[in-house]
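Content type mmCIF, C-alpha atoms and all ligand atoms, from the file my_file_11.cif:
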data_query
loop_
_atom_site.label_atom_id
_atom_site.label_comp_id
_atom_site.auth_asym_id
_atom_site.auth_seq_id
_atom_site.Cartn_x
_atom_site.Cartn_y
_atom_site.Cartn_z
CA MET P 1 25.38 -28.47 -5.08
CA GLU P 2 23.51 -25.76 -3.29
CA ASP P 3 19.77 -26.34 -3.18
CA LYS P 4 18.10 -23.28 -4.61
CA THR P 5 14.50 -24.43 -4.39
CA ILE P 6 12.10 -22.11 -2.63
CA LYS P 7 8.81 -22.88 -0.92
CA LEU P 8 6.36 -20.39 -2.37
CA THR P 9 4.07 -20.76 0.64
CA GLU P 10 6.84 -18.95 2.50
CA TYR P 11 6.21 -16.06 0.13
CA GLY P 12 2.50 -16.11 0.89
CA ALA P 13 1.23 -18.48 -1.83
CA SER P 14 -1.96 -20.31 -0.94
CA GLU P 15 -2.29 -24.03 -1.64
CA ALA P 16 -5.10 -23.18 -4.06
CA GLN P 17 -2.85 -21.24 -6.42
CA LYS P 18 -2.21 -23.64 -9.30
CA PRO P 19 -0.46 -22.33 -12.40
CA THR P 20 -1.58 -23.06 -15.95
CA SER P 21 0.11 -26.20 -17.26
CA GLY P 22 3.57 -25.52 -18.65
CA LEU P 23 3.92 -22.37 -16.58
CA SER P 24 5.25 -21.80 -13.06
CA LEU P 25 3.80 -19.71 -10.29
CA ALA P 26 6.04 -16.84 -9.18
CA ARG P 27 5.96 -13.76 -6.97
CA VAL P 28 7.56 -10.49 -8.03
CA ILE P 29 9.97 -9.39 -5.30
CA ALA P 30 11.71 -6.51 -7.03
CA THR P 31 11.36 -4.33 -10.09
CA SER P 32 13.63 -1.89 -11.80
CA HIS P 33 12.51 -0.41 -15.11
CA GLN P 34 11.07 -3.30 -17.14
CA GLN P 35 13.24 -5.84 -15.36
CA TYR P 36 11.70 -8.04 -12.67
CA THR P 37 13.12 -10.25 -9.97
CA ILE P 38 10.84 -13.18 -9.18
CA VAL P 39 10.84 -16.17 -6.87
CA THR P 40 9.60 -19.55 -8.10
CA GLU P 41 9.79 -23.06 -6.63
CA GLN P 42 12.90 -23.46 -8.81
CA GLY P 43 14.65 -20.47 -7.27
CA GLN P 44 15.09 -16.80 -7.99
CA PHE P 45 15.13 -15.46 -11.57
CA THR P 46 15.25 -12.29 -13.55
CA ALA P 47 12.12 -11.97 -15.67
CA GLN P 48 10.64 -9.97 -18.49
CA VAL P 49 7.05 -9.44 -19.50
CA ALA P 50 5.91 -11.38 -22.59
CA GLY P 51 5.34 -9.19 -25.65
CA ARG P 52 1.78 -10.48 -25.84
CA LEU P 53 1.04 -8.94 -22.42
CA ILE P 54 2.60 -5.65 -23.41
CA ASN P 55 0.41 -5.49 -26.52
CA PHE P 56 -2.75 -5.88 -24.49
CA ALA P 57 -1.78 -3.51 -21.70
CA ASN P 58 -4.19 -0.63 -21.20
CA GLY P 59 -2.02 1.14 -18.68
CA PRO P 60 0.44 0.72 -15.84
CA GLU P 61 -2.11 -1.33 -13.86
CA ASP P 62 -1.69 -4.13 -16.37
CA PHE P 63 2.01 -4.52 -15.66
CA PRO P 64 3.37 -6.55 -12.75
CA THR P 65 4.60 -4.74 -9.69
CA VAL P 66 6.26 -5.73 -6.43
CA GLY P 67 4.09 -8.25 -4.58
CA ASP P 68 2.29 -9.50 -7.68
CA TRP P 69 1.64 -13.16 -8.38
CA VAL P 70 2.45 -14.08 -11.95
CA GLU P 71 2.76 -17.17 -14.12
CA VAL P 72 6.08 -17.52 -15.87
CA ARG P 73 7.78 -19.64 -18.49
CA LEU P 74 11.14 -20.67 -17.05
CA PRO P 75 14.20 -20.48 -19.31
CA ASN P 76 15.98 -23.67 -20.44
CA ASN P 77 19.25 -22.21 -19.31
CA SER P 78 19.03 -20.99 -15.72
CA ALA P 79 21.23 -18.00 -16.56
CA ASP P 80 18.52 -16.62 -18.89
CA ALA P 81 15.51 -14.54 -17.98
CA ALA P 82 12.09 -16.04 -17.33
CA THR P 83 9.06 -14.78 -19.26
CA ILE P 84 6.01 -13.47 -17.44
CA GLU P 85 3.01 -14.86 -19.33
CA ARG P 86 0.17 -14.02 -16.97
CA LEU P 87 -0.61 -11.53 -14.25
CA ASN P 88 -2.84 -13.05 -11.56
CA ASP P 89 -5.72 -11.25 -9.85
CA ARG P 90 -4.70 -8.99 -6.99
CA THR P 91 -6.20 -8.87 -3.52
CA THR P 92 -5.03 -5.30 -3.02
CA VAL P 93 -3.30 -2.81 -5.29
CA PHE P 94 -1.64 0.48 -4.47
CA LEU P 95 -1.45 3.26 -7.02
CA ARG P 96 -0.08 6.71 -6.74
CA LYS P 97 -0.16 9.68 -9.01
CA ALA P 98 3.05 9.69 -11.01
CA ALA P 99 5.18 12.78 -10.63
CA GLY P 100 4.84 15.28 -13.44
CA ARG P 101 2.21 13.86 -15.78
CA ARG P 102 -1.18 15.04 -14.68
CA SER P 103 -3.21 11.92 -15.11
CA ALA P 104 -0.74 9.05 -15.05
CA ALA P 105 -1.15 6.57 -12.23
CA GLN P 106 1.86 4.66 -11.01
CA LEU P 107 1.66 1.20 -9.56
CA VAL P 108 3.38 0.94 -6.21
CA ALA P 109 2.65 -2.51 -4.78
CA ALA P 110 0.18 -5.38 -4.88
CA ASN P 111 -1.17 -8.04 -2.53
CA VAL P 112 -0.37 -6.31 0.74
CA ASP P 113 -2.16 -8.03 3.66
CA TRP P 114 -1.44 -5.49 6.39
CA LEU P 115 -0.75 -1.79 6.35
CA LEU P 116 1.22 -0.67 9.38
CA LEU P 117 0.29 2.97 9.92
CA CYS P 118 3.25 4.59 11.65
CA MET P 119 3.01 7.65 13.86
CA ALA P 120 5.73 8.97 16.17
CA LEU P 121 4.90 9.65 19.81
CA ASP P 122 7.24 12.65 19.86
CA ALA P 123 6.32 16.26 19.02
CA ASN P 124 5.06 15.12 15.60
CA PHE P 125 2.27 13.07 17.14
CA ASN P 126 -0.95 14.17 15.45
CA VAL P 127 -4.20 12.34 15.81
CA ARG P 128 -5.72 14.18 12.82
CA ARG P 129 -3.01 12.74 10.60
CA LEU P 130 -3.80 9.32 12.01
CA GLU P 131 -7.45 9.78 10.98
CA ARG P 132 -6.28 10.49 7.47
CA TYR P 133 -4.12 7.36 7.41
CA LEU P 134 -6.99 5.25 8.68
CA ALA P 135 -9.37 6.61 6.04
CA ILE P 136 -6.92 5.90 3.25
CA ALA P 137 -6.08 2.48 4.62
CA ALA P 138 -9.76 1.60 4.91
CA ALA P 139 -10.20 2.11 1.16
CA SER P 140 -7.24 -0.08 0.24
CA GLY P 141 -8.72 -3.49 0.94
CA ALA P 142 -5.78 -4.35 3.21
CA ARG P 143 -6.16 -4.66 6.96
CA SER P 144 -4.48 -2.01 9.05
CA ALA P 145 -2.82 -1.64 12.42
CA ILE P 146 -1.40 1.44 14.11
CA VAL P 147 2.29 1.47 14.99
CA LEU P 148 3.30 4.18 17.45
CA THR P 149 7.05 4.80 17.27
CA LYS P 150 9.63 6.54 19.47
CA ALA P 151 7.96 5.67 22.76
CA ASP P 152 11.13 6.90 24.50
CA LYS P 153 10.26 10.43 23.34
CA THR P 154 7.02 10.81 25.26
CA SER P 155 6.03 11.33 28.86
CA GLN P 156 2.31 11.17 28.04
CA LEU P 157 1.93 7.71 26.65
CA ALA P 158 -1.32 6.98 28.50
CA GLU P 159 -3.03 10.14 27.19
CA GLN P 160 -1.77 9.52 23.69
CA LEU P 161 -3.02 5.94 23.76
CA SER P 162 -6.48 7.03 24.82
CA THR P 163 -6.55 9.71 22.08
CA VAL P 164 -5.59 7.03 19.56
CA ALA P 165 -8.24 4.66 20.89
CA GLU P 166 -10.89 7.33 20.23
CA VAL P 167 -10.18 7.34 16.48
CA SER P 168 -8.75 3.87 15.86
CA GLY P 169 -12.07 2.13 15.23
CA GLY P 170 -10.77 -0.91 17.08
CA ALA P 171 -7.57 -1.33 15.04
CA ASP P 172 -4.66 -2.95 16.83
CA VAL P 173 -2.25 -0.45 18.37
CA ILE P 174 1.43 -1.38 18.70
CA VAL P 175 3.96 0.69 20.62
CA CYS P 176 7.63 0.65 19.61
CA ASP P 177 10.85 2.02 20.99
CA ALA P 178 13.85 1.39 18.79
CA THR P 179 16.27 2.65 21.46
CA ASN P 180 15.28 -0.06 23.92
CA GLU P 181 16.28 -3.69 23.73
CA ASN P 182 12.73 -4.91 24.31
CA GLY P 183 11.14 -2.00 22.50
CA MET P 184 10.27 -4.07 19.44
CA ALA P 185 8.64 -6.99 21.23
CA GLU P 186 5.03 -5.94 20.52
CA LEU P 187 5.69 -5.47 16.82
CA THR P 188 7.59 -8.74 16.50
CA ALA P 189 4.78 -10.59 18.23
CA PHE P 190 2.24 -8.98 15.93
CA MET P 191 3.87 -9.82 12.61
CA GLN P 192 3.03 -13.31 11.28
CA PRO P 193 5.03 -15.41 8.84
CA ARG P 194 3.81 -15.60 5.21
CA LEU P 195 1.78 -12.42 5.40
CA THR P 196 2.78 -9.28 3.51
CA TYR P 197 3.16 -5.98 5.35
CA ALA P 198 3.85 -2.42 4.30
CA PHE P 199 4.93 0.41 6.60
CA LEU P 200 3.23 3.73 5.96
CA GLY P 201 3.87 7.07 7.53
CA SER P 202 5.55 10.40 7.09
CA SER P 203 9.25 10.80 6.67
CA GLY P 204 11.24 10.50 9.87
CA VAL P 205 8.77 8.48 11.95
CA GLY P 206 11.26 5.63 11.99
CA LYS P 207 10.08 3.16 9.35
CA THR P 208 13.59 2.33 8.15
CA THR P 209 14.75 1.92 11.72
CA LEU P 210 11.88 -0.51 12.42
CA ILE P 211 12.49 -2.57 9.31
CA ASN P 212 16.22 -2.73 10.03
CA HIS P 213 15.51 -3.97 13.54
CA LEU P 214 13.17 -6.62 12.18
CA LEU P 215 15.78 -7.65 9.66
CA GLY P 216 18.31 -8.16 12.44
CA LYS P 217 21.89 -8.33 11.22
CA GLN P 218 20.90 -7.88 7.61
CA SER P 219 20.22 -4.22 6.91
CA LEU P 220 17.76 -2.86 4.38
CA ALA P 221 20.58 -1.76 2.09
CA THR P 222 22.03 -5.26 1.95
CA ALA P 223 18.58 -6.77 1.51
CA ALA P 224 18.14 -4.60 -1.57
CA VAL P 225 21.28 -6.03 -3.11
CA ARG P 226 20.21 -9.55 -2.23
CA ALA P 227 16.90 -9.02 -3.98
CA THR P 228 18.43 -9.94 -7.31
CA ASP P 229 18.67 -13.11 -9.31
CA ASP P 230 20.94 -16.00 -8.38
CA HIS P 231 23.03 -15.49 -11.43
CA GLY P 232 25.33 -12.74 -10.34
CA ARG P 233 23.45 -9.84 -11.88
CA HIS P 234 23.09 -7.11 -9.30
CA THR P 235 20.49 -4.57 -10.13
CA THR P 236 20.35 -2.68 -6.87
CA THR P 237 16.83 -1.52 -6.47
CA ALA P 238 14.74 0.30 -3.92
CA ARG P 239 11.55 -1.47 -5.02
CA GLN P 240 11.48 -4.69 -3.13
CA LEU P 241 9.77 -7.33 -1.07
CA VAL P 242 11.97 -8.76 1.67
CA LYS P 243 11.52 -11.83 3.84
CA LEU P 244 12.24 -11.17 7.50
CA PRO P 245 13.97 -13.72 9.75
CA ASN P 246 10.58 -14.45 11.37
CA GLY P 247 9.07 -15.26 7.95
CA SER P 248 7.01 -12.07 7.52
CA LEU P 249 7.20 -10.35 4.16
CA VAL P 250 7.73 -6.60 3.94
CA ILE P 251 7.10 -4.54 0.84
CA ASP P 252 9.18 -1.41 0.90
CA THR P 253 9.05 0.66 -2.25
CA PRO P 254 9.20 4.39 -2.83
CA GLY P 255 5.70 5.78 -2.80
CA MET P 256 4.37 3.00 -0.61
CA ARG P 257 5.46 4.93 2.47
CA GLU P 258 3.69 8.15 1.61
CA LEU P 259 0.03 8.75 2.07
CA GLY P 260 -2.53 11.12 0.70
CA LEU P 261 -2.32 10.00 -2.89
CA LEU P 262 -4.79 7.16 -2.76
CA GLU P 263 -8.52 7.06 -2.27
CA ALA P 264 -10.05 7.23 1.18
CA ASN P 265 -12.97 5.54 2.93
CA LEU P 266 -14.41 8.20 5.20
CA ASP P 267 -17.64 6.44 6.10
CA SER P 268 -15.94 3.67 8.02
CA THR P 269 -13.26 5.83 9.60
CA PHE P 270 -15.69 8.54 10.68
CA SER P 271 -18.61 6.26 11.48
CA ASP P 272 -19.38 8.38 14.56
CA ILE P 273 -20.04 11.37 12.29
CA THR P 274 -21.91 9.43 9.62
CA GLU P 275 -24.13 7.95 12.35
CA LEU P 276 -24.88 11.43 13.72
CA ALA P 277 -25.53 12.75 10.21
CA LYS P 278 -28.40 10.30 9.82
CA LYS P 279 -30.23 12.37 12.43
CA CYS P 280 -29.70 15.71 10.64
CA ARG P 281 -32.93 17.30 9.41
CA PHE P 282 -31.67 17.49 5.81
CA ASN P 283 -30.34 14.49 3.91
CA ASP P 284 -27.70 16.60 2.22
CA CYS P 285 -26.71 18.46 5.38
CA THR P 286 -23.17 19.84 5.18
CA HIS P 287 -23.12 20.24 8.97
CA GLN P 288 -22.22 23.90 8.79
CA GLN P 289 -25.13 26.32 9.31
CA GLU P 290 -28.14 24.12 8.67
CA PRO P 291 -30.94 24.05 11.23
CA GLY P 292 -31.53 20.69 12.87
CA CYS P 293 -27.95 19.55 12.32
CA ALA P 294 -27.22 16.65 14.66
CA VAL P 295 -23.49 16.90 13.99
CA GLN P 296 -23.26 20.55 15.05
CA GLN P 297 -25.42 19.70 18.02
CA ALA P 298 -22.95 17.00 19.05
CA VAL P 299 -20.11 19.53 18.83
CA ALA P 300 -22.11 21.97 20.97
CA ASP P 301 -22.77 19.22 23.52
CA GLY P 302 -19.09 18.34 23.64
CA GLN P 303 -19.78 14.83 22.26
CA LEU P 304 -17.77 15.40 19.09
CA SER P 305 -14.60 17.44 18.86
CA GLU P 306 -14.55 20.42 16.53
CA ALA P 307 -11.11 19.29 15.33
CA ARG P 308 -12.38 15.86 14.33
CA LEU P 309 -15.23 17.42 12.37
CA ALA P 310 -12.78 19.77 10.65
CA SER P 311 -10.55 16.84 9.78
CA TYR P 312 -13.53 14.98 8.31
CA ARG P 313 -14.48 18.02 6.18
CA GLN P 314 -10.96 18.49 4.93
CA LEU P 315 -10.72 14.85 3.87
CA GLN P 316 -14.10 15.10 2.16
CA ASP P 317 -12.82 18.05 0.12
CA GLU P 318 -9.72 16.15 -0.83
CA GLN P 319 -11.75 13.16 -1.84
CA ALA P 320 -13.89 15.34 -4.11
CA ASN P 321 -10.67 16.51 -5.76
CA ASN P 322 -9.48 12.95 -6.16
CA GLN P 323 -12.68 12.05 -7.92
CA LEU P 324 -11.99 14.79 -10.44
CA ARG P 325 -8.61 13.24 -11.01
CA GLY P 326 -10.37 9.91 -11.51
CA LYS P 327 -12.15 11.48 -14.46
CA GLU P 328 -8.81 12.63 -15.83
CA ARG P 329 -7.56 9.07 -15.49
CA GLU P 330 -10.53 7.82 -17.48
CA ASN P 331 -9.81 10.35 -20.22
CA ALA P 332 -6.18 9.32 -20.30
CA LYS P 333 -7.24 5.72 -20.79
CA ILE P 334 -9.47 6.67 -23.71
CA GLU P 335 -6.58 8.62 -25.14
CA ARG P 336 -4.31 5.58 -24.94
CA MET P 337 -6.79 3.10 -26.34
CA PHE P 338 -8.38 5.14 -29.11
CA GLY P 339 -6.29 8.27 -29.48
CA GLY P 340 -9.09 10.49 -28.17
CA LYS P 341 -12.81 10.78 -27.48
CA LYS P 342 -13.65 11.55 -31.09
CA GLN P 343 -11.81 8.45 -32.25
CA MET P 344 -13.50 6.36 -29.57
CA LYS P 345 -16.94 7.52 -30.74
CA ALA P 346 -16.04 6.78 -34.34
CA PHE P 347 -14.82 3.35 -33.31
CA LEU P 348 -18.00 2.55 -31.38
CA LYS P 349 -20.13 3.77 -34.27
CA GLU P 350 -18.24 1.50 -36.63
CA VAL P 351 -18.73 -1.48 -34.30
CA ARG P 352 -22.48 -0.79 -34.11
CA ARG P 353 -22.74 -0.41 -37.89
CA LYS P 354 -21.03 -3.78 -38.40
CA ARG P 355 -23.46 -5.46 -36.01
CA LYS P 356 -26.47 -4.42 -38.04
N1 LIG D 401 14.49 8.39 19.99
C1 LIG D 401 14.16 7.56 19.01
N2 LIG D 401 14.57 7.84 17.76
C2 LIG D 401 14.21 7.00 16.76
C3 LIG D 401 13.40 5.86 17.00
N3 LIG D 401 13.19 5.24 15.84
C4 LIG D 401 13.83 5.96 14.89
N4 LIG D 401 14.46 7.03 15.45
C5 LIG D 401 15.26 8.06 14.75
O1 LIG D 401 14.41 8.83 13.92
C6 LIG D 401 15.09 9.24 12.73
C7 LIG D 401 14.29 8.87 11.49
O2 LIG D 401 14.23 7.45 11.41
P1 LIG D 401 14.05 6.67 10.02
O3 LIG D 401 13.95 5.25 10.36
O4 LIG D 401 15.08 7.09 9.05
O5 LIG D 401 12.63 7.26 9.53
P2 LIG D 401 11.80 6.85 8.23
O6 LIG D 401 10.38 6.80 8.65
O7 LIG D 401 12.35 5.62 7.61
O8 LIG D 401 12.01 8.07 7.28
P3 LIG D 401 12.01 8.06 5.68
O9 LIG D 401 13.11 7.15 5.23
O10 LIG D 401 12.26 9.49 5.31
O11 LIG D 401 10.66 7.56 5.25
C8 LIG D 401 16.47 8.60 12.80
O12 LIG D 401 17.38 9.55 13.28
C9 LIG D 401 16.28 7.47 13.80
O13 LIG D 401 17.47 7.16 14.45
C10 LIG D 401 13.00 5.60 18.37
O14 LIG D 401 12.28 4.65 18.68
N5 LIG D 401 13.39 6.49 19.31
ZN ZN D 402 -25.78 18.10 9.77
#
What is this file in structure tokens?
Ligand SMILES: Nc1nc2c(ncn2[C@@H]2O[C@H](COP(=O)(O)OP(=O)(O)OP(=O)(O)O)[C@@H](O)[C@H]2O)c(=O)[nH]1
Ligand SMILES: [Zn+2]
Amino acid sequence: MEDKTIKLTEYGASEAQKPTSGLSLARVIATSHQQYTIVTEQGQFTAQVAGRLINFANGPEDFPTVGDWVEVRLPNNSADAATIERLNDRTTVFLRKAAGRRSAAQLVAANVDWLLLCMALDANFNVRRLERYLAIAAASGARSAIVLTKADKTSQLAEQLSTVAEVSGGADVIVCDATNENGMAELTAFMQPRLTYAFLGSSGVGKTTLINHLLGKQSLATAAVRATDDHGRHTTTARQLVKLPNGSLVIDTPGMRELGLLEANLDSTFSDITELAKKCRFNDCTHQQEPGCAVQQAVADGQLSEARLASYRQLQDEQANNQLRGKERENAKIERMFGGKKQMKAFLKEVRRKRK
């Protein structure tokens, strides 16, 4: 008989992760609607969330997503679905604004160790966009590295590398060329077994091409089909976590690849500007017309590029907008839990009355 057991450490489990007695530890490797594909020490299963968890859910964040660690009750008959009884704490979580509904957040992935920020070296190369990626990545809790793609398309690699080094804040920089036999060597050497990676970057930079190269013979499309249970049910899904031949884990789900929807950490990414700002005469200096502005002075002296300052301002504006959306999210949560602010107040009043 074929041995279907799986070593969960190969899926990134730490030795310390011990499930509650009677339950098994599992990692979610694919989702499609309310159906999950999980890996456990006993093999791969389809799984559903226990009704108890659904009843206590406050929002999409409380449901498992690709990359999550969960505790499951395995079925007696291996052809049946497992039941997800517990959602474990996440090291990182990626949300995006769901299409359509104003305030709904959609869960994209969890427990990503490394974000690989992809930027093409061709005509689309844009260091301002890279700053944006770095700022967003810095807020995620995951570590990040810069992956420069399409090295065959540039004749100015040295200049581009030095431009990147100016904004990278010391992040690793990996250069790839998918048209060259050895063009993937740096990336392959960088990616470690048992760690979870996600490729981020705009459409067309070559993320699919990179992942397919890393997968070797097995293409992404076939990996998607394989990311099902062992019991013949094929729910082809685009939301998935795949294990590469070298043992690295890659989360590739729609939404994970786009940027600009999550929060950003500007202070760390633009530490040069925040350092300068400490020397501005006014604490709340906006670095525009104020007298004694150290930031404007640095631009005048040629120490700081005007474009970098503009990029910083633009991201600050966007962040302010995001915070407004955060308030909308809060309101949506109140709506879900209590049916509205009025009802919430009435509820709290009732609780206080009972305490007396
Ligand atoms: N010249 C050259 N072309 C490349 C390289 N890598 C990818 N391409 C091409 O760039 C195009 C886009 O590549 P994809 O891998 O589909 O890009 P993607 O980032 O996955 O795009 P989305 O799926 O839209 O997110 C394809 O035509 C690839 O063949 C490279 O290193 N050099
Ligand atoms: Zn200033």
Return as a CSV table (one decimal) with C-alpha atoms, in the coordinates of the input the residues of protein, DNA or RNA that approach ligand LIG 401 (chain D) to within 10 Å, with all atoms listed in the file taken into account.
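Below is the file that was written, pocket12.csv:
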chain,number,residue,atom,x,y,z
P,118,CYS,CA,3.2,4.6,11.6
P,119,MET,CA,3.0,7.6,13.9
P,120,ALA,CA,5.7,9.0,16.2
P,121,LEU,CA,4.9,9.6,19.8
P,122,ASP,CA,7.2,12.6,19.9
P,148,LEU,CA,3.3,4.2,17.4
P,149,THR,CA,7.0,4.8,17.3
P,150,LYS,CA,9.6,6.5,19.5
P,151,ALA,CA,8.0,5.7,22.8
P,152,ASP,CA,11.1,6.9,24.5
P,153,LYS,CA,10.3,10.4,23.3
P,154,THR,CA,7.0,10.8,25.3
P,175,VAL,CA,4.0,0.7,20.6
P,176,CYS,CA,7.6,0.6,19.6
P,177,ASP,CA,10.8,2.0,21.0
P,178,ALA,CA,13.8,1.4,18.8
P,179,THR,CA,16.3,2.6,21.5
P,180,ASN,CA,15.3,-0.1,23.9
P,183,GLY,CA,11.1,-2.0,22.5
P,184,MET,CA,10.3,-4.1,19.4
P,199,PHE,CA,4.9,0.4,6.6
P,200,LEU,CA,3.2,3.7,6.0
P,201,GLY,CA,3.9,7.1,7.5
P,202,SER,CA,5.6,10.4,7.1
P,203,SER,CA,9.2,10.8,6.7
P,204,GLY,CA,11.2,10.5,9.9
P,205,VAL,CA,8.8,8.5,12.0
P,206,GLY,CA,11.3,5.6,12.0
P,207,LYS,CA,10.1,3.2,9.4
P,208,THR,CA,13.6,2.3,8.2
P,209,THR,CA,14.8,1.9,11.7
P,210,LEU,CA,11.9,-0.5,12.4
P,211,ILE,CA,12.5,-2.6,9.3
P,212,ASN,CA,16.2,-2.7,10.0
P,213,HIS,CA,15.5,-4.0,13.5
P,254,PRO,CA,9.2,4.4,-2.8
P,255,GLY,CA,5.7,5.8,-2.8
P,256,MET,CA,4.4,3.0,-0.6
P,257,ARG,CA,5.5,4.9,2.5
P,258,GLU,CA,3.7,8.2,1.6
Taking all atoms listed in the file into account, which residues are within 6 Å of ligand ZN 402 (chain D), as a PyMOL selection string?
-> chain P and resi 277+280+285-287+293-295
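Residue nearest Ala142 in chain P within the list P:Leu157, P:Ala110, P:Leu8, P:Val164: P:Ala110 [criterion: smallest interatomic distance, only C-alpha atoms].
Remark: for Gly51 in chain P, the closest of the candidate residues P:Ile38, P:Val250, P:Ile84, P:Leu244 is P:Ile84 (distances computed over only C-alpha atoms).
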Pick the closest to Asp113 in chain P from P:Leu249, P:Leu74, P:Ala26, P:Ala189: which is it, counting only C-alpha atoms?
-> P:Leu249
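Around Arg308 in chain P, within 10 Å and counting only C-alpha atoms, the residues found are Val127, Arg128, Glu131, Val167, Phe270, Ile273, Val299, Leu304, Ser305, Glu306, Ala310, Ser311, Tyr312, Arg313 and Gln314 of chain P, once anything fewer than 2 positions away on its own chain is removed.
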Deliver the residues from the most recent selection as a file, using C-alpha atoms, as a PDB file, in the frame of the given file.
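Result saved to part.pdb:
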ATOM      1  CA  VAL P 127      -4.200  12.340  15.810  1.00  0.00           C
ATOM      2  CA  ARG P 128      -5.720  14.180  12.820  1.00  0.00           C
ATOM      3  CA  GLU P 131      -7.450   9.780  10.980  1.00  0.00           C
ATOM      4  CA  VAL P 167     -10.180   7.340  16.480  1.00  0.00           C
ATOM      5  CA  PHE P 270     -15.690   8.540  10.680  1.00  0.00           C
ATOM      6  CA  ILE P 273     -20.040  11.370  12.290  1.00  0.00           C
ATOM      7  CA  VAL P 299     -20.110  19.530  18.830  1.00  0.00           C
ATOM      8  CA  LEU P 304     -17.770  15.400  19.090  1.00  0.00           C
ATOM      9  CA  SER P 305     -14.600  17.440  18.860  1.00  0.00           C
ATOM     10  CA  GLU P 306     -14.550  20.420  16.530  1.00  0.00           C
ATOM     11  CA  ALA P 310     -12.780  19.770  10.650  1.00  0.00           C
ATOM     12  CA  SER P 311     -10.550  16.840   9.780  1.00  0.00           C
ATOM     13  CA  TYR P 312     -13.530  14.980   8.310  1.00  0.00           C
ATOM     14  CA  ARG P 313     -14.480  18.020   6.180  1.00  0.00           C
ATOM     15  CA  GLN P 314     -10.960  18.490   4.930  1.00  0.00           C
TER      16      GLN P 314
END
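Nearest residue to Gln316 in chain P, choosing from P:Arg73, P:Lys278, P:Arg143, P:Arg132 and counting all atoms listed in the file: P:Arg132.
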Name all residues at most 9 Å from Leu315 in chain P (count all atoms listed in the file; drop same-chain ones fewer than 6 positions away) and give them as a count of residues only.
-> 4
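The neighbours of Ser21 in chain P here are the residues that come within 12 Å of it, using only C-alpha atoms and leaving out any residue fewer than 5 positions away in the same chain; they are Glu71, Val72, Arg73 and Glu85 of chain P.
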Rank P:Lys345, P:Arg90, P:Arg27, P:Arg96 by their smallest atom-to-atom distance to Val112 in chain P, using all atoms listed in the file, and report the top residue only.
-> P:Arg90
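Put simply, CA of Pro245 in chain P is 27.3 Å away from CA of Leu107 in chain P.
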